[in-house]
>>> print(open('protein03.tsv').read())   # TSV, C-alpha atoms and all ligand atoms
chain	number	residue	atom	x	y	z
A	1	MET	CA	50.88	27.93	-11.39
A	2	ASN	CA	48.01	26.57	-13.50
A	3	ASN	CA	49.62	25.34	-16.72
A	4	ASN	CA	46.26	25.27	-18.52
A	5	PHE	CA	46.46	29.00	-19.00
A	6	ILE	CA	49.93	29.15	-20.49
A	7	ASN	CA	50.19	29.83	-24.22
A	8	GLU	CA	46.57	30.69	-24.70
A	9	TYR	CA	44.40	33.77	-25.08
A	10	PHE	CA	41.27	34.91	-26.83
A	11	GLY	CA	39.66	38.05	-28.14
A	12	ILE	CA	35.99	38.67	-28.86
A	13	GLY	CA	34.15	41.10	-31.08
A	14	ILE	CA	31.22	41.91	-33.32
A	15	LEU	CA	30.91	42.34	-37.07
A	16	ASN	CA	28.73	45.34	-37.97
A	17	GLY	CA	27.22	45.64	-34.48
A	18	LYS	CA	24.19	47.95	-34.44
A	19	THR	CA	23.43	48.60	-30.79
A	20	PRO	CA	26.00	50.37	-28.57
A	21	GLU	CA	24.36	48.98	-25.42
A	22	ASN	CA	25.07	45.43	-26.61
A	23	LEU	CA	28.74	46.27	-27.05
A	24	GLY	CA	28.92	47.71	-23.55
A	25	VAL	CA	27.40	44.55	-22.09
A	26	LEU	CA	29.68	42.32	-24.15
A	27	TRP	CA	32.81	44.22	-23.11
A	28	ARG	CA	31.85	43.95	-19.48
A	29	SER	CA	31.48	40.17	-19.84
A	30	ALA	CA	34.73	39.98	-21.82
A	31	GLN	CA	36.65	41.82	-19.13
A	32	ASN	CA	35.29	39.53	-16.45
A	33	MET	CA	35.59	36.25	-18.33
A	34	GLY	CA	39.21	36.31	-19.38
A	35	ALA	CA	39.33	38.03	-22.78
A	36	SER	CA	42.70	39.53	-23.73
A	37	PHE	CA	41.25	42.00	-26.21
A	38	ILE	CA	38.01	43.17	-27.80
A	39	PHE	CA	37.26	44.44	-31.27
A	40	THR	CA	34.66	45.81	-33.64
A	41	ILE	CA	34.42	45.49	-37.39
A	42	GLY	CA	32.40	48.12	-39.29
A	43	ASN	CA	30.72	50.16	-36.58
A	44	ARG	CA	32.84	51.63	-33.80
A	45	TYR	CA	32.22	51.48	-30.08
A	46	ALA	CA	31.06	54.58	-28.22
A	47	LYS	CA	31.21	54.34	-24.44
A	48	GLN	CA	28.00	53.11	-22.87
A	49	ALA	CA	26.59	53.29	-19.35
A	50	CYS	CA	26.42	49.47	-19.32
A	51	ASP	CA	30.24	49.30	-19.61
A	52	THR	CA	30.36	50.15	-15.92
A	53	HIS	CA	33.70	48.42	-15.44
A	54	ASN	CA	35.20	50.61	-18.16
A	55	ALA	CA	36.37	47.53	-19.99
A	56	VAL	CA	37.32	49.49	-23.06
A	57	LYS	CA	40.03	51.30	-21.08
A	58	SER	CA	41.20	48.18	-19.32
A	59	MET	CA	42.14	46.01	-22.27
A	60	PRO	CA	43.15	46.56	-25.87
A	61	TYR	CA	40.29	47.57	-28.14
A	62	PHE	CA	40.87	47.20	-31.88
A	63	HIS	CA	38.70	48.55	-34.67
A	64	TYR	CA	38.70	47.33	-38.28
A	65	GLU	CA	36.82	49.00	-41.12
A	66	THR	CA	36.16	45.75	-42.98
A	67	PHE	CA	36.18	42.01	-42.43
A	68	GLN	CA	39.17	41.74	-44.78
A	69	GLU	CA	41.16	44.22	-42.68
A	70	PHE	CA	40.33	42.19	-39.56
A	71	PHE	CA	41.33	38.97	-41.34
A	72	ASN	CA	44.63	40.45	-42.55
A	73	ASN	CA	45.53	41.58	-39.04
A	74	LEU	CA	44.68	38.48	-37.01
A	75	PRO	CA	47.23	37.71	-34.31
A	76	LYS	CA	49.67	35.21	-35.77
A	77	GLY	CA	48.42	31.65	-35.26
A	78	ALA	CA	45.01	32.68	-33.91
A	79	ARG	CA	41.94	30.88	-35.24
A	80	ILE	CA	38.63	32.56	-36.00
A	81	VAL	CA	35.69	30.97	-34.22
A	82	GLY	CA	32.53	32.24	-35.90
A	83	VAL	CA	29.50	32.15	-33.63
A	84	GLU	CA	26.24	31.75	-35.50
A	85	LEU	CA	22.96	29.83	-35.39
A	86	ASP	CA	23.62	28.24	-38.77
A	87	ASP	CA	23.09	24.75	-40.22
A	88	LYS	CA	26.82	24.45	-40.87
A	89	ALA	CA	27.76	25.31	-37.29
A	90	LYS	CA	28.91	22.65	-34.82
A	91	ASP	CA	27.37	22.30	-31.39
A	92	LEU	CA	29.15	24.20	-28.66
A	93	GLU	CA	28.97	21.50	-25.97
A	94	PRO	CA	31.51	19.05	-27.50
A	95	PHE	CA	33.55	21.85	-29.08
A	96	HIS	CA	37.20	22.06	-28.05
A	97	HIS	CA	38.05	25.76	-28.02
A	98	PRO	CA	41.34	26.62	-29.73
A	99	ARG	CA	44.12	27.73	-27.39
A	100	ARG	CA	44.48	30.99	-29.29
A	101	CYS	CA	41.44	32.37	-31.05
A	102	VAL	CA	39.08	35.22	-31.70
A	103	TYR	CA	35.33	34.79	-31.29
A	104	LEU	CA	33.39	36.61	-33.95
A	105	LEU	CA	29.74	37.47	-33.37
A	106	GLY	CA	27.27	38.74	-35.95
A	107	ALA	CA	25.09	41.81	-36.27
A	108	GLU	CA	21.81	42.04	-34.39
A	109	ASP	CA	19.80	42.12	-37.62
A	110	HIS	CA	21.63	40.05	-40.23
A	111	GLY	CA	24.09	37.93	-38.24
A	112	LEU	CA	27.48	37.01	-39.71
A	113	THR	CA	28.04	37.67	-43.40
A	114	ASN	CA	28.65	34.76	-45.79
A	115	GLU	CA	32.24	35.95	-46.15
A	116	ALA	CA	32.78	35.79	-42.38
A	117	ILE	CA	31.18	32.34	-42.16
A	118	GLU	CA	33.31	31.00	-45.01
A	119	LYS	CA	36.55	32.40	-43.62
A	120	SER	CA	35.96	31.32	-40.03
A	121	HIS	CA	38.16	28.36	-39.12
A	122	PHE	CA	35.39	27.02	-36.89
A	123	LEU	CA	31.70	27.81	-36.67
A	124	VAL	CA	29.79	27.08	-33.46
A	125	LYS	CA	26.24	27.42	-32.21
A	126	PHE	CA	24.33	26.59	-29.08
A	127	LYS	CA	20.71	25.51	-28.83
A	128	SER	CA	18.08	28.24	-28.78
A	129	GLU	CA	14.64	28.47	-30.40
A	130	LEU	CA	15.48	31.77	-32.07
A	131	SER	CA	18.77	33.62	-32.00
A	132	LEU	CA	19.67	35.30	-28.71
A	133	ASN	CA	20.90	38.80	-28.05
A	134	VAL	CA	24.46	39.13	-29.32
A	135	ALA	CA	25.97	40.09	-25.93
A	136	VAL	CA	24.20	37.17	-24.27
A	137	ALA	CA	25.48	34.84	-27.01
A	138	GLY	CA	29.05	36.08	-26.51
A	139	SER	CA	28.77	35.59	-22.76
A	140	ILE	CA	27.60	31.98	-23.23
A	141	ILE	CA	30.57	31.27	-25.50
A	142	MET	CA	33.03	32.72	-22.95
A	143	TYR	CA	31.39	30.79	-20.14
A	144	ASP	CA	31.80	27.59	-22.14
A	145	ARG	CA	35.46	28.37	-22.75
A	146	GLN	CA	36.01	28.52	-19.00
A	147	LEU	CA	34.70	24.98	-18.52
A	148	SER	CA	37.24	22.20	-18.05
A	149	LYS	CA	37.33	20.90	-21.61
A	150	PRO	CA	40.36	20.00	-23.71
A	151	ARG	CA	41.70	22.71	-26.03
A	152	SER	CA	42.33	22.13	-29.73
B	1	LIG	C1	20.41	38.50	-32.84
B	1	LIG	S1	21.57	37.42	-33.50
B	1	LIG	C2	21.45	37.63	-35.26
B	1	LIG	C3	20.10	37.39	-35.82
B	1	LIG	C4	20.11	36.51	-37.05
B	1	LIG	N1	20.49	37.12	-38.23
B	1	LIG	C5	18.73	35.95	-37.25
B	1	LIG	O1	17.88	36.69	-37.68
B	1	LIG	O2	18.57	34.80	-36.92
B	1	LIG	C6	23.09	38.21	-33.20
B	1	LIG	C7	24.27	37.28	-33.07
B	1	LIG	O3	24.20	36.56	-31.85
B	1	LIG	C8	24.84	35.30	-31.99
B	1	LIG	N2	23.89	34.23	-31.66
B	1	LIG	C9	22.64	34.39	-31.17
B	1	LIG	N3	22.06	33.20	-30.90
B	1	LIG	C10	22.98	32.26	-31.21
B	1	LIG	C11	23.00	30.82	-31.13
B	1	LIG	N4	21.95	30.11	-30.69
B	1	LIG	N5	24.12	30.17	-31.51
B	1	LIG	C12	25.20	30.87	-31.95
B	1	LIG	N6	25.24	32.22	-32.05
B	1	LIG	C13	24.15	32.91	-31.68
B	1	LIG	C14	25.37	35.24	-33.43
B	1	LIG	O4	26.70	35.72	-33.45
B	1	LIG	C15	24.42	36.21	-34.14
B	1	LIG	O5	24.97	36.70	-35.32
>>> encode(input="protein03.tsv", output="structure tokens", more="lines below")
Ligand SMILES: C[S@@+](CC[C@H](N)C(=O)[O-])C[C@H]1O[C@@H](n2cnc3c(N)ncnc32)[C@H](O)[C@@H]1O
Amino acid sequence: MNNNFINEYFGIGILNGKTPENLGVLWRSAQNMGASFIFTIGNRYAKQACDTHNAVKSMPYFHYETFQEFFNNLPKGARIVGVELDDKAKDLEPFHHPRRCVYLLGAEDHGLTNEAIEKSHFLVKFKSELSLNVAVAGSIIMYDRQLSKPRS
């Protein structure tokens, strides 16, 4: 058995996501890259053709009306990793992903809110000229988590 995968999990979701297609693409990546659950805050998910693997029926999907509701219902001991192209964010490459965490992505138009940035335990970014599509960004984060790097 690979001990690296004991006592760890992650979830991934979007705050105020605007485009259902992006959610479908993100869920498909999440299902195939080891996520334990997916979530939305603000806008709900409606099934999309791009969720061809039916990810939303294959793993727990949680919905929260507000950031505060999400924050109050975090799995015990899980850290929030905010993902945002922000001056305060740390580079992804040397980042040690927490064993148990949720990755929080921002809206297509406005990104993460100030409240979400302030309450995230970690904030990470990766290099790009301008911000990438949110589902692509989430997939890059999950790919990086799969690399052989120490956990925090
Ligand atoms: C289209 S972007 C948000 C646009 C942003 N408000 C802007 O105008 O710059 C959607 C989300 O993708 C993620 N994202 C995109 N590019 C990123 C990067 N280089 N580093 C970290 N997150 C990124 C963030 O979660 C962001 O909130």
>>> closest_atom_pairs(input="protein03.tsv", of="chain A", to="ligand LIG 1 (chain B)", cutoff="7 Å", atoms="only C-alpha atoms and all ligand atoms", output="tab-separated table")
residue	atom	partner	partner_atom	distance
A:Val83	CA	B:LIG1	O4	4.5
A:Glu84	CA	B:LIG1	N6	3.6
A:Leu85	CA	B:LIG1	N5	4.1
A:Leu104	CA	B:LIG1	O4	6.8
A:Leu105	CA	B:LIG1	O4	3.5
A:Gly106	CA	B:LIG1	O5	3.1
A:Ala107	CA	B:LIG1	C6	5.1
A:Glu108	CA	B:LIG1	C1	4.1
A:Asp109	CA	B:LIG1	C3	5.1
A:His110	CA	B:LIG1	N1	3.7
A:Gly111	CA	B:LIG1	O5	3.3
A:Leu112	CA	B:LIG1	O5	5.1
A:Val124	CA	B:LIG1	C12	6.1
A:Lys125	CA	B:LIG1	N5	3.5
A:Phe126	CA	B:LIG1	N5	4.3
A:Lys127	CA	B:LIG1	N4	5.1
A:Ser128	CA	B:LIG1	N4	4.7
A:Leu130	CA	B:LIG1	O2	6.5
A:Ser131	CA	B:LIG1	N3	3.5
A:Leu132	CA	B:LIG1	N3	3.9
A:Asn133	CA	B:LIG1	C1	4.8
A:Val134	CA	B:LIG1	O3	3.6
A:Ala137	CA	B:LIG1	N2	5.0
A:Gly138	CA	B:LIG1	C8	7.0
>>> atom_distance(input="protein03.tsv", atom1="CA of Asn32 (chain A)", atom2="CA of Pro150 (chain A)")
21.4 Å
>>> residues_near_point(input="protein03.tsv", point="(39.6, 37.1, -24.7)", cutoff="8 Å", atoms="only C-alpha atoms", output="PyMOL selection string")
chain A and resi 9-12+30-31+33-38+102
>>> atom_distance(input="protein03.tsv", atom1="CA of Ile80 (chain A)", atom2="CA of Gln68 (chain A)")
12.7 Å
>>> atom_distance(input="protein03.tsv", atom1="CA of Leu26 (chain A)", atom2="CA of Gly42 (chain A)")
16.4 Å
>>> residues_around(input="protein03.tsv", residues="region 116-118 of chain A", least_positions_apart="5", cutoff="8 Å", atoms="all atoms listed in the file", output="list in words")
Phe67, Gly82 and Leu123 of chain A
>>> closest_residue(input="protein03.tsv", among="A:Lys119, A:Arg151, A:His63, A:Lys57", to="Arg99 (chain A)", atoms="all atoms listed in the file")
A:Arg151
>>> closest_residue(input="protein03.tsv", among="A:Val25, A:Ile41, A:Met59, A:Ile141", to="His97 (chain A)", atoms="all atoms listed in the file")
A:Ile141
>>> closest_residue(input="protein03.tsv", among="A:Ser120, A:Thr66, A:Asn43, A:Asn54", to="Tyr103 (chain A)", atoms="all atoms listed in the file")
A:Ser120
>>> closest_residue(input="protein03.tsv", among="A:Cys101, A:Val136, A:Val56, A:Ile6", to="Phe39 (chain A)", atoms="all atoms listed in the file")
A:Val56
>>> closest_residue(input="protein03.tsv", among="A:Lys149, A:His121, A:Lys76, A:Arg44", to="Glu93 (chain A)", atoms="only C-alpha atoms")
A:Lys149
>>> closest_residue(input="protein03.tsv", among="A:Ser58, A:Asp144, A:Ala135, A:Thr40", to="Glu21 (chain A)", atoms="all atoms listed in the file")
A:Ala135
